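This is input_35.txt. It holds compact mmCIF, C-alpha atoms.
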# COMPACT_ATOMS: atom_id res chain seq x y z
CA MET T 1 104.52 99.96 139.33
CA ARG T 2 107.40 101.95 137.90
CA VAL T 3 109.69 100.64 135.13
CA THR T 4 112.83 102.29 133.78
CA ALA T 5 114.22 101.46 130.34
CA ASP T 6 116.40 102.92 127.62
CA VAL T 7 113.57 103.06 125.06
CA LEU T 8 109.81 102.78 125.46
CA ILE T 9 107.77 101.29 122.64
CA LEU T 10 104.11 102.26 122.82
CA GLY T 11 102.05 99.58 121.09
CA ALA T 12 102.67 95.88 120.43
CA GLY T 13 101.35 95.85 116.88
CA ALA T 14 103.52 95.13 113.85
CA ALA T 15 105.30 98.51 113.94
CA GLY T 16 106.02 98.42 117.66
CA LEU T 17 107.24 94.84 117.64
CA ALA T 18 109.48 95.50 114.63
CA ALA T 19 111.03 98.53 116.34
CA ALA T 20 111.44 96.69 119.64
CA ARG T 21 113.15 93.75 117.99
CA VAL T 22 115.75 95.95 116.30
CA LEU T 23 116.45 97.99 119.41
CA ALA T 24 116.57 95.02 121.79
CA ALA T 25 118.97 93.24 119.46
CA SER T 26 121.23 96.31 119.57
CA GLY T 27 121.55 95.94 123.35
CA ARG T 28 119.11 98.58 124.52
CA ARG T 29 116.77 97.95 127.43
CA VAL T 30 113.39 97.98 125.73
CA ALA T 31 109.94 98.06 127.33
CA VAL T 32 106.98 97.45 125.01
CA ILE T 33 103.74 98.81 126.47
CA GLU T 34 100.43 97.51 125.09
CA ALA T 35 96.90 98.54 126.06
CA ARG T 36 95.31 95.24 125.04
CA ARG T 37 95.71 91.90 126.77
CA ARG T 38 97.15 90.49 123.56
CA ILE T 39 99.88 91.44 121.11
CA GLY T 40 99.44 92.05 117.40
CA GLY T 41 97.39 95.24 117.33
CA ARG T 42 95.38 95.14 114.11
CA ILE T 43 96.66 91.62 113.47
CA PHE T 44 93.89 89.78 115.30
CA THR T 45 93.52 86.03 114.76
CA ARG T 46 90.85 83.94 116.43
CA HIS T 47 91.35 80.16 116.35
CA ALA T 48 87.81 78.84 115.94
CA ALA T 49 86.48 75.29 115.95
CA SER T 50 86.49 73.59 112.55
CA PRO T 51 83.54 71.44 111.46
CA PHE T 52 86.14 68.80 110.57
CA GLY T 53 87.85 68.86 113.98
CA GLY T 54 90.70 71.00 115.22
CA THR T 55 90.68 74.75 114.67
CA ILE T 56 90.58 77.24 111.83
CA PRO T 57 92.54 80.52 112.03
CA VAL T 58 89.95 83.28 111.52
CA GLU T 59 91.46 86.64 110.73
CA LEU T 60 89.51 89.54 112.19
CA GLY T 61 92.16 92.10 111.28
CA ALA T 62 94.98 91.93 108.77
CA GLU T 63 94.74 88.79 106.67
CA PHE T 64 96.76 88.96 103.47
CA ILE T 65 100.43 89.20 102.68
CA HIS T 66 100.23 91.48 99.66
CA GLY T 67 102.88 90.42 97.19
CA LEU T 68 106.53 89.91 98.06
CA PRO T 69 107.50 92.69 100.49
CA LEU T 70 110.92 92.05 102.00
CA GLU T 71 109.85 93.16 105.49
CA SER T 72 107.16 90.48 105.76
CA TRP T 73 108.90 87.64 103.97
CA ARG T 74 112.12 88.07 105.94
CA VAL T 75 110.18 87.37 109.15
CA ILE T 76 108.13 84.56 107.59
CA ARG T 77 111.24 82.74 106.40
CA GLU T 78 113.13 83.28 109.62
CA ALA T 79 110.17 81.93 111.59
CA ALA T 80 109.81 79.02 109.12
CA LEU T 81 106.11 79.74 108.71
CA GLN T 82 104.17 77.92 106.03
CA THR T 83 102.19 80.06 103.60
CA TYR T 84 99.94 79.44 100.66
CA GLU T 85 98.94 81.65 97.76
CA LEU T 86 95.29 82.41 97.15
CA ASP T 87 94.14 81.24 93.78
CA GLY T 88 90.99 80.59 91.83
CA SER T 89 88.17 82.33 90.02
CA ASP T 90 86.59 85.72 90.66
CA LEU T 91 82.86 86.22 90.22
CA LEU T 92 80.63 89.28 90.15
CA PHE T 93 76.95 89.42 91.11
CA ALA T 94 75.43 92.28 89.14
CA ASP T 95 72.16 92.90 87.33
CA GLY T 96 70.64 90.03 89.26
CA ARG T 97 73.00 87.30 88.08
CA LEU T 98 76.39 85.74 88.77
CA GLN T 99 78.99 86.31 86.07
CA PRO T 100 82.78 86.23 85.65
CA ALA T 101 84.49 89.30 87.11
CA HIS T 102 86.59 90.80 84.33
CA THR T 103 88.65 93.09 86.51
CA GLU T 104 91.02 93.89 83.66
CA HIS T 105 88.18 95.87 82.09
CA GLY T 106 87.07 97.52 85.31
CA ALA T 107 88.84 99.00 88.30
CA ALA T 108 92.35 97.97 87.22
CA THR T 109 92.02 99.78 83.89
CA VAL T 110 90.64 102.92 85.56
CA LEU T 111 93.50 103.02 88.08
CA ASP T 112 96.16 102.40 85.43
CA ASP T 113 94.74 105.21 83.29
CA MET T 114 94.57 107.45 86.37
CA SER T 115 98.24 106.81 87.19
CA ARG T 116 99.31 107.66 83.64
CA TRP T 117 97.20 110.83 83.70
CA TRP T 118 98.58 111.92 87.06
CA SER T 119 102.20 111.36 85.94
CA GLN T 120 101.66 114.00 83.25
CA GLN T 121 100.35 116.65 85.65
CA PRO T 122 102.49 119.47 87.13
CA TYR T 123 104.53 118.61 90.22
CA GLY T 124 102.42 118.77 93.36
CA SER T 125 99.12 118.35 91.56
CA ASP T 126 96.37 116.45 93.31
CA GLU T 127 92.62 115.95 93.35
CA THR T 128 90.16 113.50 94.83
CA PHE T 129 89.34 110.26 93.07
CA ALA T 130 85.76 111.51 92.63
CA GLN T 131 87.08 114.61 90.86
CA TYR T 132 89.19 112.45 88.60
CA LEU T 133 86.22 110.26 87.67
CA GLY T 134 84.27 113.42 86.88
CA HIS T 135 86.54 114.31 83.94
CA ALA T 136 87.94 110.91 82.92
CA ALA T 137 86.50 108.89 80.06
CA VAL T 138 85.04 106.18 82.26
CA GLY T 139 81.86 104.21 81.60
CA GLU T 140 79.23 103.79 84.30
CA ARG T 141 80.06 100.12 84.96
CA GLN T 142 83.78 100.87 85.18
CA ARG T 143 83.05 103.82 87.44
CA ARG T 144 81.06 101.66 89.87
CA GLU T 145 83.74 98.97 89.90
CA ALA T 146 86.51 101.52 90.44
CA ILE T 147 84.67 103.16 93.34
CA ARG T 148 83.93 99.77 94.89
CA TYR T 149 87.59 98.79 94.62
CA VAL T 150 89.05 102.06 95.93
CA GLU T 151 86.62 102.28 98.83
CA GLY T 152 86.98 98.57 99.61
CA PHE T 153 90.75 98.16 99.32
CA ASN T 154 91.63 101.51 100.92
CA ALA T 155 88.69 101.64 103.37
CA ALA T 156 88.34 105.17 102.02
CA ASP T 157 85.73 107.64 100.82
CA HIS T 158 86.32 108.09 97.07
CA ARG T 159 85.22 111.73 97.46
CA VAL T 160 88.16 112.33 99.82
CA ILE T 161 91.08 110.04 98.91
CA SER T 162 93.98 111.55 96.99
CA VAL T 163 94.72 110.63 93.37
CA ALA T 164 98.42 111.31 94.04
CA SER T 165 98.39 108.74 96.86
CA LEU T 166 96.56 106.19 94.73
CA ALA T 167 99.16 106.61 91.99
CA ALA T 168 101.97 106.21 94.53
CA GLN T 169 100.24 103.11 95.88
CA GLN T 170 99.88 101.64 92.39
CA GLU T 171 103.60 102.11 91.76
CA ALA T 172 104.54 100.67 95.16
CA GLU T 173 102.34 97.61 94.62
CA ALA T 174 103.81 96.95 91.19
CA ARG T 175 107.30 96.81 92.71
CA ILE T 176 106.33 93.96 95.07
CA ALA T 177 103.91 92.05 92.78
CA ALA T 178 101.04 92.90 95.12
CA ASP T 179 98.52 91.28 92.80
CA ARG T 180 99.70 88.01 94.37
CA ILE T 181 98.25 87.45 97.84
CA PHE T 182 99.24 84.92 100.47
CA HIS T 183 98.01 83.53 103.78
CA VAL T 184 100.04 82.40 106.77
CA ARG T 185 98.74 78.86 107.18
CA ALA T 186 98.92 78.87 110.99
CA GLY T 187 97.29 82.32 111.22
CA TYR T 188 98.70 85.83 110.91
CA ASP T 189 99.22 86.01 114.67
CA ALA T 190 102.19 83.67 114.23
CA ILE T 191 104.20 86.69 113.05
CA PRO T 192 103.76 88.86 116.17
CA ARG T 193 104.29 85.80 118.37
CA PHE T 194 107.60 85.14 116.64
CA LEU T 195 108.67 88.78 117.03
CA GLN T 196 107.74 88.68 120.71
CA GLY T 197 110.00 85.67 121.16
CA ARG T 198 112.92 87.46 119.52
CA ILE T 199 112.40 90.58 121.62
CA GLU T 200 112.31 88.65 124.87
CA ALA T 201 115.31 86.53 123.87
CA ALA T 202 117.26 89.78 123.40
CA GLY T 203 116.27 91.04 126.86
CA GLY T 204 113.26 93.18 126.00
CA THR T 205 110.06 93.05 128.04
CA LEU T 206 106.42 93.26 126.95
CA TYR T 207 103.81 94.71 129.30
CA LEU T 208 100.19 93.94 128.37
CA ASP T 209 96.98 95.47 129.74
CA LYS T 210 98.72 98.82 130.19
CA PRO T 211 96.57 101.49 128.48
CA VAL T 212 98.73 104.61 128.53
CA THR T 213 96.68 107.78 128.93
CA ARG T 214 99.42 110.38 129.43
CA ILE T 215 102.87 110.96 127.95
CA GLU T 216 105.00 113.62 129.64
CA TRP T 217 108.22 114.45 127.91
CA HIS T 218 111.01 116.91 127.28
CA ALA T 219 114.18 116.53 125.29
CA GLY T 220 115.90 113.37 126.49
CA ALA T 221 113.18 112.14 128.86
CA VAL T 222 109.79 110.43 128.48
CA THR T 223 107.30 109.22 131.10
CA MET T 224 104.21 107.17 130.15
CA SER T 225 101.50 106.55 132.71
CA GLY T 226 98.02 105.13 133.13
CA ILE T 227 95.85 102.69 135.07
CA ASP T 228 95.47 99.01 134.19
CA SER T 229 92.24 96.98 134.31
CA SER T 230 92.86 95.96 137.93
CA GLY T 231 93.04 99.61 138.97
CA GLY T 232 96.80 99.68 139.44
CA ASP T 233 98.82 102.76 138.52
CA PHE T 234 101.80 102.28 136.26
CA GLN T 235 104.63 104.47 135.06
CA PHE T 236 107.34 103.84 132.47
CA VAL T 237 110.39 106.07 132.15
CA ALA T 238 113.07 106.23 129.44
CA ASP T 239 115.24 108.61 127.42
CA LYS T 240 113.36 107.99 124.16
CA ALA T 241 110.08 106.51 122.93
CA VAL T 242 108.75 104.99 119.73
CA ILE T 243 105.04 105.73 119.54
CA THR T 244 102.99 103.45 117.29
CA LEU T 245 99.49 104.60 118.22
CA PRO T 246 97.10 104.08 115.29
CA LEU T 247 96.06 107.21 113.45
CA GLY T 248 92.52 106.90 114.81
CA VAL T 249 93.80 106.95 118.39
CA LEU T 250 95.91 110.03 117.65
CA HIS T 251 92.80 111.69 116.23
CA ALA T 252 90.68 110.77 119.26
CA GLY T 253 93.16 112.28 121.73
CA GLY T 254 92.74 109.47 124.25
CA VAL T 255 96.47 109.62 124.97
CA ARG T 256 97.40 113.09 126.18
CA PHE T 257 100.84 114.53 125.47
CA ALA T 258 102.42 117.11 127.76
CA PRO T 259 103.47 119.14 125.92
CA ASP T 260 101.72 118.36 122.61
CA PRO T 261 104.10 117.60 119.72
CA LEU T 262 102.04 120.09 117.75
CA HIS T 263 103.43 119.47 114.28
CA VAL T 264 102.87 115.71 114.58
CA ILE T 265 99.27 116.12 115.72
CA ALA T 266 98.61 118.68 112.98
CA GLU T 267 100.06 116.40 110.29
CA ALA T 268 98.12 113.41 111.65
CA ARG T 269 94.90 115.38 111.32
CA ARG T 270 95.61 115.89 107.61
CA MET T 271 95.17 112.12 107.15
CA GLU T 272 92.02 110.03 107.47
CA MET T 273 91.32 106.71 109.17
CA GLY T 274 89.26 104.24 107.16
CA ARG T 275 86.38 102.20 108.54
CA VAL T 276 86.07 98.43 108.21
CA VAL T 277 83.66 95.84 109.54
CA ARG T 278 84.66 92.30 108.68
CA ILE T 279 82.80 89.06 109.26
CA SER T 280 83.84 85.46 108.72
CA LEU T 281 81.22 82.73 108.39
CA ILE T 282 82.21 79.09 108.96
CA PHE T 283 79.84 76.63 107.30
CA GLN T 284 79.50 72.86 107.41
CA SER T 285 80.62 72.70 103.79
CA ARG T 286 81.55 74.95 100.88
CA PHE T 287 77.88 75.27 99.91
CA TRP T 288 78.70 77.46 96.89
CA ARG T 289 80.18 74.40 95.18
CA ASP T 290 77.62 71.84 96.38
CA LYS T 291 75.47 70.19 93.72
CA PRO T 292 72.25 72.22 94.31
CA THR T 293 74.14 75.50 93.89
CA LEU T 294 76.07 74.33 90.82
CA GLU T 295 72.85 73.19 89.16
CA LYS T 296 71.48 76.73 89.36
CA SER T 297 74.52 78.15 87.52
CA PRO T 298 75.78 75.29 85.32
CA THR T 299 77.82 77.60 83.05
CA LEU T 300 79.77 78.77 86.12
CA ALA T 301 80.40 75.34 87.62
CA ARG T 302 84.18 75.59 87.20
CA GLU T 303 84.31 79.13 88.62
CA LEU T 304 82.18 78.19 91.62
CA ASP T 305 84.28 75.09 92.26
CA GLN T 306 87.41 77.27 92.38
CA LEU T 307 85.80 80.43 93.79
CA SER T 308 88.28 82.89 95.30
CA PHE T 309 86.80 86.42 95.30
CA LEU T 310 83.15 87.34 94.91
CA PHE T 311 82.08 90.93 94.26
CA SER T 312 78.47 92.03 94.57
CA ASP T 313 76.20 94.91 93.73
CA HIS T 314 73.54 93.24 95.89
CA GLY T 315 73.47 94.45 99.48
CA ILE T 316 76.31 94.52 101.98
CA PRO T 317 79.07 93.22 102.01
CA THR T 318 80.12 94.04 98.47
CA THR T 319 83.26 91.87 98.68
CA TRP T 320 83.60 88.25 99.78
CA TRP T 321 86.45 85.76 99.58
CA THR T 322 87.14 82.11 100.28
CA SER T 323 90.28 80.28 101.40
CA ASN T 324 90.77 78.63 97.99
CA PRO T 325 92.84 76.55 97.25
CA LEU T 326 92.35 75.35 100.85
CA GLU T 327 89.06 73.52 101.26
CA THR T 328 88.14 75.32 104.47
CA PRO T 329 84.38 76.10 104.40
CA ILE T 330 84.76 79.76 105.32
CA LEU T 331 83.49 82.91 103.63
CA THR T 332 84.78 86.30 104.69
CA GLY T 333 82.77 89.44 104.10
CA TRP T 334 84.43 92.85 103.89
CA ILE T 335 82.49 96.06 104.55
CA ALA T 336 84.73 99.09 104.13
CA GLY T 337 84.70 102.83 103.64
CA PRO T 338 81.35 104.67 103.72
CA LEU T 339 79.46 101.35 103.59
CA ALA T 340 80.91 100.41 106.98
CA ALA T 341 78.94 103.25 108.55
CA LEU T 342 75.72 101.69 107.18
CA SER T 343 76.47 98.20 108.45
CA GLY T 344 75.09 98.93 111.91
CA GLN T 345 71.62 99.74 110.61
CA GLU T 346 70.76 96.02 110.51
CA PRO T 347 72.38 93.14 112.43
CA VAL T 348 75.50 92.35 110.45
CA LEU T 349 74.89 88.59 110.39
CA ASP T 350 71.41 89.11 108.95
CA ARG T 351 72.84 91.41 106.29
CA CYS T 352 75.43 88.84 105.32
CA LEU T 353 73.07 85.88 105.14
CA ASN T 354 70.50 87.89 103.17
CA SER T 355 73.22 89.00 100.76
CA LEU T 356 74.51 85.46 100.21
CA ALA T 357 70.99 84.10 99.83
CA GLY T 358 70.34 86.59 97.05
CA ILE T 359 73.63 85.90 95.29
CA PHE T 360 73.38 82.11 95.33
CA ALA T 361 69.58 81.85 95.15
CA VAL T 362 69.33 79.76 98.30
CA PRO T 363 66.96 80.29 101.25
CA VAL T 364 68.32 82.22 104.21
CA ALA T 365 67.12 79.39 106.44
CA ALA T 366 69.27 76.90 104.53
CA LEU T 367 72.35 79.07 105.07
CA SER T 368 71.51 79.45 108.76
CA ASP T 369 71.26 75.68 109.09
CA GLN T 370 74.69 75.30 107.46
CA LEU T 371 76.32 77.94 109.66
CA VAL T 372 78.71 76.56 112.28
CA SER T 373 79.94 79.86 113.74
CA TRP T 374 80.49 83.49 112.80
CA HIS T 375 83.11 85.99 113.89
CA CYS T 376 82.95 89.75 113.46
CA HIS T 377 84.95 92.83 114.37
CA ASP T 378 84.12 96.50 113.80
CA TRP T 379 87.44 98.31 113.86
CA SER T 380 85.86 101.74 114.19
CA THR T 381 84.43 100.84 117.59
CA ASP T 382 87.68 99.25 118.80
CA PRO T 383 88.94 101.76 121.42
CA PHE T 384 92.59 100.91 120.74
CA ALA T 385 92.33 101.33 116.96
CA ARG T 386 89.49 103.77 116.21
CA GLY T 387 89.41 102.56 112.62
CA ALA T 388 90.95 100.01 110.29
CA TYR T 389 93.85 101.79 108.65
CA SER T 390 94.83 105.15 107.23
CA TYR T 391 94.43 106.75 103.83
CA VAL T 392 95.64 110.01 102.33
CA PRO T 393 93.11 112.76 101.52
CA CYS T 394 93.65 115.13 98.63
CA GLY T 395 96.63 117.39 99.28
CA ALA T 396 98.04 115.40 102.21
CA LEU T 397 100.68 113.26 100.50
CA SER T 398 103.49 114.78 102.59
CA ALA T 399 101.81 114.11 105.94
CA SER T 400 103.20 110.60 106.52
CA ALA T 401 106.83 111.69 106.18
CA ASN T 402 106.21 114.70 108.40
CA ILE T 403 104.68 112.57 111.16
CA ALA T 404 107.72 110.28 111.06
CA GLU T 405 110.17 113.13 111.68
CA PRO T 406 111.75 112.72 115.17
CA VAL T 407 110.63 115.20 117.80
CA GLU T 408 113.68 116.63 119.61
CA ARG T 409 115.43 113.25 119.27
CA THR T 410 113.04 111.97 121.91
CA LEU T 411 109.70 110.99 120.35
CA TYR T 412 109.68 108.80 117.23
CA PHE T 413 106.33 108.06 115.60
CA ALA T 414 105.74 104.91 113.56
CA GLY T 415 102.85 102.86 112.19
CA GLU T 416 101.34 102.17 108.79
CA HIS T 417 100.13 105.79 108.58
CA THR T 418 103.78 106.93 108.56
CA SER T 419 104.73 104.77 105.57
CA VAL T 420 106.70 106.79 103.03
CA SER T 421 106.81 104.03 100.43
CA GLY T 422 103.17 104.03 99.35
CA HIS T 423 102.23 101.02 101.49
CA TRP T 424 99.66 102.63 103.77
CA GLY T 425 97.29 100.23 105.49
CA THR T 426 99.54 97.16 105.23
CA VAL T 427 101.43 95.01 107.69
CA HIS T 428 104.61 95.37 105.67
CA GLY T 429 104.18 99.15 105.73
CA ALA T 430 103.90 98.96 109.52
CA LEU T 431 106.94 96.69 109.84
CA GLN T 432 108.92 99.01 107.60
CA SER T 433 107.94 102.06 109.64
CA GLY T 434 108.92 100.39 112.91
CA GLU T 435 112.31 99.38 111.59
CA ALA T 436 112.85 102.91 110.22
CA ALA T 437 111.99 104.47 113.59
CA ALA T 438 114.36 102.08 115.36
CA ALA T 439 117.16 103.04 112.98
CA LYS T 440 116.61 106.72 113.79
CA VAL T 441 116.70 105.98 117.52
CA ALA T 442 119.92 104.00 117.08
CA MET T 443 121.60 106.87 115.24
CA ALA T 444 120.60 109.53 117.77
CA PRO T 445 123.02 110.46 120.54
Using structure tokens, write down the structure that the file contains.
Amino acid sequence: MRVTADVLILGAGAAGLAAARVLAASGRRVAVIEARRRIGGRIFTRHAASPFGGTIPVELGAEFIHGLPLESWRVIREAALQTYELDGSDLLFADGRLQPAHTEHGAATVLDDMSRWWSQQPYGSDETFAQYLGHAAVGERQRREAIRYVEGFNAADHRVISVASLAAQQEAEARIAADRIFHVRAGYDAIPRFLQGRIEAAGGTLYLDKPVTRIEWHAGAVTMSGIDSSGGDFQFVADKAVITLPLGVLHAGGVRFAPDPLHVIAEARRMEMGRVVRISLIFQSRFWRDKPTLEKSPTLARELDQLSFLFSDHGIPTTWWTSNPLETPILTGWIAGPLAALSGQEPVLDRCLNSLAGIFAVPVAALSDQLVSWHCHDWSTDPFARGAYSYVPCGALSASANIAEPVERTLYFAGEHTSVSGHWGTVHGALQSGEAAAAKVAMAP
């Protein structure tokens, strides 16, 4: 098949759909080309059977709306999607016991102190977070909590990630009240579905199961080609293209450019792609607040009843969360950064059940009996992602902006790794980057 359009959008994730919506609404003939048989990219919702009947949206990719970013909430309100804010108590399992998680004395304090320290350094200064911890006045407990947070939240290696980028992220999060987190009640995939509807209503077309392997281009002309799962050749031709390949895919070189946009590839290699394995366990009930569990920790009865986040020094995962205040009996485990590389050394379900059994002092067999279903995704082994999301190594703060620079007014790169606002690794960062790329296309002759 051969398709001609005004603009090609490579990738139907948040960035690609945001760009396509803007450009289709402006009257351009838009073709969105997606390798998967679904839209959403790293938004990946599975609607699983609920023990109470009906289905539960299980997020295997992006899950949270972090704070009040305009890009996300504008779509949510336009689509009339219902949301709810996560709330409740945070607990920590450390030194063999459950206890309240006083984050204000841990990672948050370390990062606030780091941001103040960095703001006083000469322009252009940078170092790794590990280097910062080496000279900062940080106690051992705070150090462990800070490393767990940075490696968990950013899916990063604390020996690699940039202090300058962490400070920029802290400032960006403060502007949108990112300490508040929300869920889309119907599932995060409702957002890409809504964007798809708007694109198609404006005359754009989405093509799924079209894994592009080659992009040939020169100024004012782009051809994308490949072979679909049925063995059919395809070719898409346009004057311009917005390319939203994840950073991991750019690193892997599975899509060949002819010629290579050398500065983009070089800048992309300055950044790193984080690893994440996530697993969601659906139980028959919220066992952590059942009477037998509460009796073992009577002083924490209120916290367990309202449990939101659970952090652990015992095994893997080190971070869990519930759906509180919803009463859905689901626990999600998050394995990120260097720990994600270790997760394959033992079946991930066994790791999770063993970890929970140790935390709540219940037999593994009892948890297995309670388990209704489990759902897991390793983003590093996903061929169309090659990782979870990007982070900035020491000295690479300028890379995102450089990647986003148009190439001969023909190739426009977007995606969360091109965020210039400090919102790497977020859906709103991806939406923002797609809209920015579309604006540059619209302004070009």
Within 7 Å of (83.4, 85.7, 94.3) (coordinates as in the file), grab all the protein and nucleic acid residues, counting all atoms listed in the file, and write them out as a ChimeraX atom specification.
/T:90-92,307-311,320-321
Any idea what's packed within 12 Å of Arg116 in chain T, counting only C-alpha atoms, ignoring anything in its chain fewer than 4 positions away? Could you give it as a list in words?
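Here the answer would be Thr109, Val110, Leu111, Asp112, Gln120, Gln121, Ala136, Val163, Ala164, Leu166, Ala167, Ala168, Gln170 and Glu171 of chain T.
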Exercise: His263 in chain T partners within 10 Å, all atoms listed in the file, chain neighbours under 2 positions left out, as an mmCIF file with C-alpha atoms, in the coordinates of the input:
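Listing of result.cif after writing:
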data_model
loop_
_atom_site.group_PDB
_atom_site.id
_atom_site.type_symbol
_atom_site.label_atom_id
_atom_site.label_comp_id
_atom_site.auth_asym_id
_atom_site.auth_seq_id
_atom_site.Cartn_x
_atom_site.Cartn_y
_atom_site.Cartn_z
ATOM 1 C CA ASP T 260 101.720 118.360 122.610
ATOM 2 C CA PRO T 261 104.100 117.600 119.720
ATOM 3 C CA ILE T 265 99.270 116.120 115.720
ATOM 4 C CA ALA T 266 98.610 118.680 112.980
ATOM 5 C CA GLU T 267 100.060 116.400 110.290
ATOM 6 C CA ALA T 268 98.120 113.410 111.650
ATOM 7 C CA ARG T 269 94.900 115.380 111.320
ATOM 8 C CA ASN T 402 106.210 114.700 108.400
ATOM 9 C CA ILE T 403 104.680 112.570 111.160
ATOM 10 C CA GLU T 405 110.170 113.130 111.680
ATOM 11 C CA VAL T 407 110.630 115.200 117.800
#
Would you please work out which residue, of T:Val392, T:Ile215, T:Val372, T:Ala108, is nearest to Leu281 in chain T when using all atoms listed in the file?
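Among the listed residues, the smallest separation from Leu281 in chain T belongs to T:Val372.
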For a cutoff of 12 Å around the file-coordinate point (110.7, 86.9, 108.2), which residues qualify once you count all atoms listed in the file? I'd like the result as a compact mmCIF listing (two decimals) with C-alpha atoms, in the coordinates of the input.
# COMPACT_ATOMS: atom_id res chain seq x y z
CA ALA T 18 109.48 95.50 114.63
CA ILE T 65 100.43 89.20 102.68
CA LEU T 68 106.53 89.91 98.06
CA PRO T 69 107.50 92.69 100.49
CA LEU T 70 110.92 92.05 102.00
CA GLU T 71 109.85 93.16 105.49
CA SER T 72 107.16 90.48 105.76
CA TRP T 73 108.90 87.64 103.97
CA ARG T 74 112.12 88.07 105.94
CA VAL T 75 110.18 87.37 109.15
CA ILE T 76 108.13 84.56 107.59
CA ARG T 77 111.24 82.74 106.40
CA GLU T 78 113.13 83.28 109.62
CA ALA T 79 110.17 81.93 111.59
CA ALA T 80 109.81 79.02 109.12
CA LEU T 81 106.11 79.74 108.71
CA GLN T 82 104.17 77.92 106.03
CA THR T 83 102.19 80.06 103.60
CA VAL T 184 100.04 82.40 106.77
CA ALA T 190 102.19 83.67 114.23
CA ILE T 191 104.20 86.69 113.05
CA PRO T 192 103.76 88.86 116.17
CA PHE T 194 107.60 85.14 116.64
CA LEU T 195 108.67 88.78 117.03
CA ARG T 198 112.92 87.46 119.52
CA HIS T 428 104.61 95.37 105.67
CA LEU T 431 106.94 96.69 109.84
Residues at most 9 Å from range 47-54 of chain T, counting all atoms listed in the file, excluding those fewer than 3 positions away in the same chain, as a list in words?
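Answer for this query is Pro57, Val58, Glu59, Gly187, Ile282, Phe283, Gln284, Ser285, Thr328, Pro329, Val372, Ser373 and His375 of chain T.
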Take the residues that were just selected and, keeping C-alpha atoms, output them as a CSV table (one decimal), keeping the file's coordinate frame.
chain,number,residue,atom,x,y,z
T,57,PRO,CA,92.5,80.5,112.0
T,58,VAL,CA,90.0,83.3,111.5
T,59,GLU,CA,91.5,86.6,110.7
T,187,GLY,CA,97.3,82.3,111.2
T,282,ILE,CA,82.2,79.1,109.0
T,283,PHE,CA,79.8,76.6,107.3
T,284,GLN,CA,79.5,72.9,107.4
T,285,SER,CA,80.6,72.7,103.8
T,328,THR,CA,88.1,75.3,104.5
T,329,PRO,CA,84.4,76.1,104.4
T,372,VAL,CA,78.7,76.6,112.3
T,373,SER,CA,79.9,79.9,113.7
T,375,HIS,CA,83.1,86.0,113.9
Atom-to-atom span, CA of Leu339 in chain T and CA of Ala146 in chain T, Å
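Separating CA of Leu339 in chain T from CA of Ala146 in chain T is a distance of 14.9 Å.
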May I ask which of the residues T:Trp117, T:Phe287, T:Phe44, T:Tyr207 is the closest one to Val427 in chain T, counting all atoms listed in the file?
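The shortest atom-to-atom distance to Val427 in chain T comes from T:Phe44.
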Distance table requested - range 325-414 of chain T against range 149-159 of chain T, cut-off 9 Å, only C-alpha atoms: one row per qualifying residue with the closest atom pair and its distance in Å to one decimal, ordered by chain and rising residue number, as JSON lines.
{"residue": "T:Trp334", "atom": "CA", "partner": "T:Gly152", "partner_atom": "CA", "distance": 7.6}
{"residue": "T:Ile335", "atom": "CA", "partner": "T:Gly152", "partner_atom": "CA", "distance": 7.1}
{"residue": "T:Ala336", "atom": "CA", "partner": "T:Ala155", "partner_atom": "CA", "distance": 4.8}
{"residue": "T:Gly337", "atom": "CA", "partner": "T:Ala155", "partner_atom": "CA", "distance": 4.2}
{"residue": "T:Pro338", "atom": "CA", "partner": "T:Asp157", "partner_atom": "CA", "distance": 6.0}
{"residue": "T:Leu339", "atom": "CA", "partner": "T:Glu151", "partner_atom": "CA", "distance": 8.6}
{"residue": "T:Ala340", "atom": "CA", "partner": "T:Ala155", "partner_atom": "CA", "distance": 8.7}
{"residue": "T:Ala388", "atom": "CA", "partner": "T:Ala155", "partner_atom": "CA", "distance": 7.5}
{"residue": "T:Tyr389", "atom": "CA", "partner": "T:Ala155", "partner_atom": "CA", "distance": 7.4}
{"residue": "T:Ser390", "atom": "CA", "partner": "T:Asn154", "partner_atom": "CA", "distance": 8.0}
{"residue": "T:Tyr391", "atom": "CA", "partner": "T:Ala156", "partner_atom": "CA", "distance": 6.5}
{"residue": "T:Val392", "atom": "CA", "partner": "T:Ala156", "partner_atom": "CA", "distance": 8.8}
{"residue": "T:Pro393", "atom": "CA", "partner": "T:Arg159", "partner_atom": "CA", "distance": 8.9}
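CA of Arg185 in chain T to CA of Phe64 in chain T spans 10.9 Å [interatomic distance, one decimal].
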